[in-house]
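To be precise, the following lines are target_2.pdb, and they hold PDB, C-alpha atoms.
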ATOM      1  CA  MET A   1      73.659 -55.113  56.314
ATOM      2  CA  LYS A   2      70.099 -55.606  55.110
ATOM      3  CA  LEU A   3      67.806 -57.475  57.455
ATOM      4  CA  THR A   4      64.608 -59.259  56.671
ATOM      5  CA  ALA A   5      61.672 -59.773  59.049
ATOM      6  CA  SER A   6      62.405 -63.513  59.376
ATOM      7  CA  GLU A   7      66.054 -62.796  60.255
ATOM      8  CA  ILE A   8      64.850 -60.427  62.982
ATOM      9  CA  ARG A   9      62.474 -63.097  64.322
ATOM     10  CA  LYS A  10      65.150 -65.814  64.305
ATOM     11  CA  HIS A  11      67.867 -63.710  65.800
ATOM     12  CA  THR A  12      69.093 -64.987  69.113
ATOM     13  CA  PHE A  13      70.969 -63.196  71.779
ATOM     14  CA  LYS A  14      73.521 -64.630  74.155
ATOM     15  CA  SER A  15      72.236 -64.805  77.640
ATOM     16  CA  LYS A  16      73.891 -63.429  80.703
ATOM     17  CA  ILE A  17      72.969 -63.732  84.256
ATOM     18  CA  SER A  18      71.402 -60.419  84.758
ATOM     19  CA  GLY A  19      70.064 -59.936  81.235
ATOM     20  CA  PHE A  20      66.772 -59.000  79.660
ATOM     21  CA  ASN A  21      63.533 -60.878  79.948
ATOM     22  CA  PRO A  22      63.576 -63.286  76.991
ATOM     23  CA  ALA A  23      59.788 -63.062  76.461
ATOM     24  CA  GLU A  24      59.915 -59.256  76.273
ATOM     25  CA  VAL A  25      62.813 -59.378  73.899
ATOM     26  CA  LEU A  26      60.967 -61.875  71.689
ATOM     27  CA  ASN A  27      57.799 -59.762  71.814
ATOM     28  CA  PHE A  28      59.781 -56.674  70.947
ATOM     29  CA  LEU A  29      61.525 -58.476  68.100
ATOM     30  CA  GLU A  30      58.133 -59.703  66.843
ATOM     31  CA  VAL A  31      56.790 -56.107  66.831
ATOM     32  CA  ILE A  32      59.914 -54.844  65.100
ATOM     33  CA  ALA A  33      59.702 -57.690  62.553
ATOM     34  CA  GLY A  34      56.019 -56.875  61.885
ATOM     35  CA  GLU A  35      56.760 -53.212  61.407
ATOM     36  CA  TRP A  36      59.762 -54.127  59.311
ATOM     37  CA  GLU A  37      57.530 -56.301  57.075
ATOM     38  CA  GLU A  38      55.018 -53.430  56.825
ATOM     39  CA  SER A  39      57.739 -50.962  55.904
ATOM     40  CA  GLN A  40      59.133 -53.469  53.344
ATOM     41  CA  ARG A  41      55.624 -53.902  51.866
ATOM     42  CA  GLN A  42      55.100 -50.119  51.753
ATOM     43  CA  GLN A  43      58.532 -49.684  50.241
ATOM     44  CA  SER A  44      57.665 -52.286  47.598
ATOM     45  CA  GLU A  45      54.330 -50.547  46.897
ATOM     46  CA  LEU A  46      56.088 -47.202  46.705
ATOM     47  CA  ARG A  47      58.646 -48.641  44.277
ATOM     48  CA  GLU A  48      55.808 -49.948  42.098
ATOM     49  CA  LYS A  49      54.037 -46.585  42.414
ATOM     50  CA  ILE A  50      57.293 -44.822  41.488
ATOM     51  CA  ILE A  51      57.691 -47.073  38.449
ATOM     52  CA  GLU A  52      54.062 -46.436  37.495
ATOM     53  CA  LEU A  53      54.453 -42.693  38.009
ATOM     54  CA  GLU A  54      57.732 -42.628  36.102
ATOM     55  CA  THR A  55      56.001 -44.479  33.257
ATOM     56  CA  LYS A  56      53.127 -41.996  33.337
ATOM     57  CA  LEU A  57      55.615 -39.126  33.505
ATOM     58  CA  LYS A  58      57.420 -40.498  30.455
ATOM     59  CA  ASP A  59      54.059 -40.822  28.688
ATOM     60  CA  TYR A  60      53.109 -37.282  29.698
ATOM     61  CA  LEU A  61      56.494 -35.972  28.619
ATOM     62  CA  THR A  62      56.077 -37.762  25.297
ATOM     63  CA  MET A  63      52.574 -36.310  24.946
ATOM     64  CA  GLU A  64      53.871 -32.864  25.919
ATOM     65  CA  LYS A  65      56.597 -33.136  23.312
ATOM     66  CA  ALA A  66      54.030 -34.260  20.714
ATOM     67  CA  ILE A  67      51.732 -31.380  21.707
ATOM     68  CA  GLN A  68      54.614 -28.920  21.459
ATOM     69  CA  GLN A  69      55.543 -30.271  18.036
ATOM     70  CA  THR A  70      51.902 -30.106  16.957
ATOM     71  CA  PHE A  71      51.678 -26.560  18.278
ATOM     72  CA  LEU A  72      54.859 -25.577  16.447
ATOM     73  CA  GLN A  73      53.601 -27.204  13.250
ATOM     74  CA  ALA A  74      50.253 -25.442  13.635
ATOM     75  CA  GLN A  75      52.077 -22.173  14.226
ATOM     76  CA  GLU A  76      54.253 -22.734  11.141
ATOM     77  CA  THR A  77      51.196 -23.706   9.107
ATOM     78  CA  SER A  78      49.308 -20.614  10.202
ATOM     79  CA  MET A  79      52.342 -18.433   9.434
ATOM     80  CA  LYS A  80      52.629 -20.037   6.013
ATOM     81  CA  GLY A  81      48.879 -19.584   5.519
ATOM     82  CA  LEU A  82      49.145 -15.918   6.448
ATOM     83  CA  GLU A  83      52.125 -15.450   4.150
ATOM     84  CA  ASN A  84      50.302 -17.212   1.312
ATOM     85  CA  ALA A  85      47.224 -15.072   1.948
ATOM     86  CA  ARG A  86      49.380 -11.931   1.851
ATOM     87  CA  LYS A  87      50.994 -13.041  -1.406
ATOM     88  CA  GLU A  88      47.615 -13.894  -2.904
ATOM     89  CA  ALA A  89      46.215 -10.538  -1.805
ATOM     90  CA  GLN A  90      49.227  -8.791  -3.361
ATOM     91  CA  LEU A  91      48.672 -10.697  -6.615
ATOM     92  CA  ILE A  92      44.986  -9.756  -6.620
ATOM     93  CA  ILE A  93      45.906  -6.111  -6.043
ATOM     94  CA  GLN A  94      48.473  -6.214  -8.850
ATOM     95  CA  GLU A  95      45.946  -7.832 -11.210
ATOM     96  CA  ALA A  96      43.351  -5.216 -10.261
ATOM     97  CA  GLU A  97      45.857  -2.412 -10.876
ATOM     98  CA  ILE A  98      46.759  -3.888 -14.276
ATOM     99  CA  LYS A  99      43.074  -4.219 -15.208
ATOM    100  CA  ALA A 100      42.404  -0.670 -14.002
ATOM    101  CA  ALA A 101      45.304   0.623 -16.101
ATOM    102  CA  GLN A 102      43.968  -1.285 -19.118
ATOM    103  CA  ILE A 103      40.490   0.150 -18.556
ATOM    104  CA  VAL A 104      41.910   3.676 -18.272
ATOM    105  CA  ASP A 105      43.998   3.167 -21.446
ATOM    106  CA  LYS A 106      40.963   1.847 -23.310
ATOM    107  CA  ALA A 107      38.877   4.786 -22.078
ATOM    108  CA  ARG A 108      41.556   7.213 -23.281
ATOM    109  CA  THR A 109      41.726   5.466 -26.650
ATOM    110  CA  ASP A 110      37.932   5.528 -26.924
ATOM    111  CA  LEU A 111      37.906   9.218 -25.978
ATOM    112  CA  THR A 112      40.515   9.997 -28.639
ATOM    113  CA  THR A 113      38.503   8.016 -31.197
ATOM    114  CA  LEU A 114      35.302   9.812 -30.230
ATOM    115  CA  LYS A 115      37.036  13.196 -30.477
ATOM    116  CA  GLU A 116      38.308  12.276 -33.939
ATOM    117  CA  GLN A 117      34.845  11.086 -35.009
ATOM    118  CA  PHE A 118      33.305  14.261 -33.565
ATOM    119  CA  THR A 119      35.787  16.389 -35.529
ATOM    120  CA  ILE A 120      35.029  14.432 -38.718
ATOM    121  CA  LEU A 121      31.261  14.719 -38.168
ATOM    122  CA  LYS A 122      31.557  18.452 -37.441
ATOM    123  CA  ALA A 123      33.582  18.901 -40.631
ATOM    124  CA  LYS A 124      30.949  16.951 -42.593
ATOM    125  CA  LYS A 125      28.174  19.032 -41.022
ATOM    126  CA  ASP A 126      30.025  22.246 -41.858
ATOM    127  CA  SER A 127      30.545  20.972 -45.397
ATOM    128  CA  ILE A 128      26.857  20.081 -45.777
ATOM    129  CA  VAL A 129      25.786  23.435 -44.319
ATOM    130  CA  ALA A 130      28.187  25.256 -46.666
ATOM    131  CA  ARG A 131      26.868  23.303 -49.658
ATOM    132  CA  LEU A 132      23.274  23.960 -48.611
ATOM    133  CA  LYS A 133      24.027  27.670 -48.232
ATOM    134  CA  MET A 134      25.712  27.725 -51.600
ATOM    135  CA  MET A 135      22.810  25.830 -53.138
ATOM    136  CA  LEU A 136      20.260  28.105 -51.470
ATOM    137  CA  HIS A 137      22.227  31.195 -52.530
ATOM    138  CA  SER A 138      22.312  29.921 -56.082
ATOM    139  CA  GLU A 139      18.578  29.194 -55.835
ATOM    140  CA  LEU A 140      18.086  32.690 -54.417
ATOM    141  CA  ASP A 141      20.144  34.135 -57.256
ATOM    142  CA  LEU A 142      18.037  32.124 -59.654
ATOM    143  CA  ILE A 143      14.879  33.433 -58.003
ATOM    144  CA  ARG A 144      16.200  36.999 -58.234
ATOM    145  CA  ALA A 145      17.006  36.430 -61.842
ATOM    146  CA  LEU A 146      13.561  35.044 -62.296
ATOM    147  CA  GLU A 147      12.157  38.027 -60.420
ATOM    148  CA  VAL A 148      13.798  40.344 -62.840
ATOM    149  CA  ASP A 149      12.234  38.335 -65.616
ATOM    150  CA  GLU A 150       9.009  38.231 -63.745
ATOM    151  CA  GLU A 151       9.045  41.937 -63.071
ATOM    152  CA  LEU A 152       9.134  42.325 -66.705
ATOM    153  CA  GLN A 153       6.304  39.921 -66.953
ATOM    154  CA  LEU A 154       4.669  41.511 -63.938
ATOM    155  CA  GLN A 155       4.220  44.498 -65.729
ATOM    156  CA  GLN A 156       2.383  42.162 -67.879
ATOM    157  CA  SER A 157       0.734  40.361 -64.959
ATOM    158  CA  SER A 158       0.774  41.343 -61.257
ATOM    159  CA  GLY A 159      -0.555  38.024 -59.744
ATOM    160  CA  ASN A 160       2.742  36.095 -59.694
ATOM    161  CA  GLU A 161       4.542  38.685 -57.616
ATOM    162  CA  GLN A 162       3.058  37.577 -54.320
ATOM    163  CA  GLU A 163       4.138  33.957 -54.821
ATOM    164  CA  ILE A 164       7.704  34.910 -55.658
ATOM    165  CA  THR A 165       7.963  37.202 -52.632
ATOM    166  CA  LYS A 166       6.662  34.420 -50.429
ATOM    167  CA  ALA A 167       9.180  31.885 -51.826
ATOM    168  CA  LYS A 168      11.988  34.384 -51.465
ATOM    169  CA  THR A 169      11.093  35.028 -47.801
ATOM    170  CA  GLU A 170      10.996  31.291 -47.050
ATOM    171  CA  ILE A 171      14.439  30.738 -48.610
ATOM    172  CA  GLU A 172      15.943  33.664 -46.689
ATOM    173  CA  GLU A 173      14.526  32.231 -43.416
ATOM    174  CA  ILE A 174      16.059  28.829 -44.169
ATOM    175  CA  ILE A 175      19.444  30.482 -44.825
ATOM    176  CA  LYS A 176      19.237  32.391 -41.522
ATOM    177  CA  GLN A 177      18.443  29.191 -39.645
ATOM    178  CA  LEU A 178      21.439  27.437 -41.200
ATOM    179  CA  GLU A 179      23.779  30.232 -40.174
TER     180      GLU A 179
END

Represent the structure of the file as structure tokens.
Amino acid sequence: MKLTASEIRKHTFKSKISGFNPAEVLNFLEVIAGEWEESQRQQSELREKIIELETKLKDYLTMEKAIQQTFLQAQETSMKGLENARKEAQLIIQEAEIKAAQIVDKARTDLTTLKEQFTILKAKKDSIVARLKMMLHSELDLIRALEVDEELQLQQSSGNEQEITKAKTEIEEIIKQLE
């Protein structure tokens, strides 16, 4: 049975001949009623405080859940970011390897082309040198033939001999330099 403070105050006891002092009983009941009211008020305050705390707890739990979800989303986002960065880095590496291979292939092609051009130029040089030698030999043969003619004429005149010898020496030096 639930009692209120006013019920305690209004409660009456049956009297007996050798019973309690009614004033003391009433005083005692008044004290008990006052304390009962105080405990009822405290209980009411505590109930309100409990409701307030439960509300705050629910709010905090909701915030905690939101924070956990945010944390999980941030974690997922960072993982995805890392994965995307890894993929992008891999693509950059692959592109760099492809470009490097292309550069190496081009360098090899250029080297082959240069070797071919060098071979062609060397062949042309050899051909020009051979033609020059042949031309100089024919000129030398011509000079020798002329010398024979000139020796005949030298006997007639000795002044031209020095010029022919000089020209012959110059041609022979040119031939030696070409060889």

Inset, instruction - Enter the distance from atom CA of A:Gln43 to atom CA of A:Lys58, in Å, rounded to one decimal. - result: 21.8 Å

Legend entry - Length of the atom CA of A:Asp105 to atom CA of A:Ala89 vector [Å]: 24.1 Å

Inset, instruction - Run the PyMOL selection byres ((chain A and resi 31-33) around 8) mentally over the shown coordinates, then write out the matched residues as number ranges by chain, using the chain letters and numbers from the document. - result: A: 4-6, 8-9, 27-30, 34-37

Within 9 Å of A:Leu136, counting all atoms listed in the file, which residues qualify if same-chain residues fewer than 4 places away don't, as a PDB file with C-alpha atoms, keeping the file's coordinate frame?
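Saved file out-v6.pdb follows:
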ATOM      1  CA  ARG A 131      26.868  23.303 -49.658  1.00  0.00           C
ATOM      2  CA  LEU A 132      23.274  23.960 -48.611  1.00  0.00           C
ATOM      3  CA  LEU A 140      18.086  32.690 -54.417  1.00  0.00           C
ATOM      4  CA  ASP A 141      20.144  34.135 -57.256  1.00  0.00           C
ATOM      5  CA  ILE A 171      14.439  30.738 -48.610  1.00  0.00           C
ATOM      6  CA  GLU A 172      15.943  33.664 -46.689  1.00  0.00           C
ATOM      7  CA  ILE A 174      16.059  28.829 -44.169  1.00  0.00           C
ATOM      8  CA  ILE A 175      19.444  30.482 -44.825  1.00  0.00           C
TER       9      ILE A 175
END

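Residues within 12 Å of A:Ala130, counting all atoms listed in the file and excluding same-chain residues fewer than 6 positions away, are Lys122, Ala123, Lys124, Leu136, His137, Ile175, Leu178 and Glu179 of chain A.
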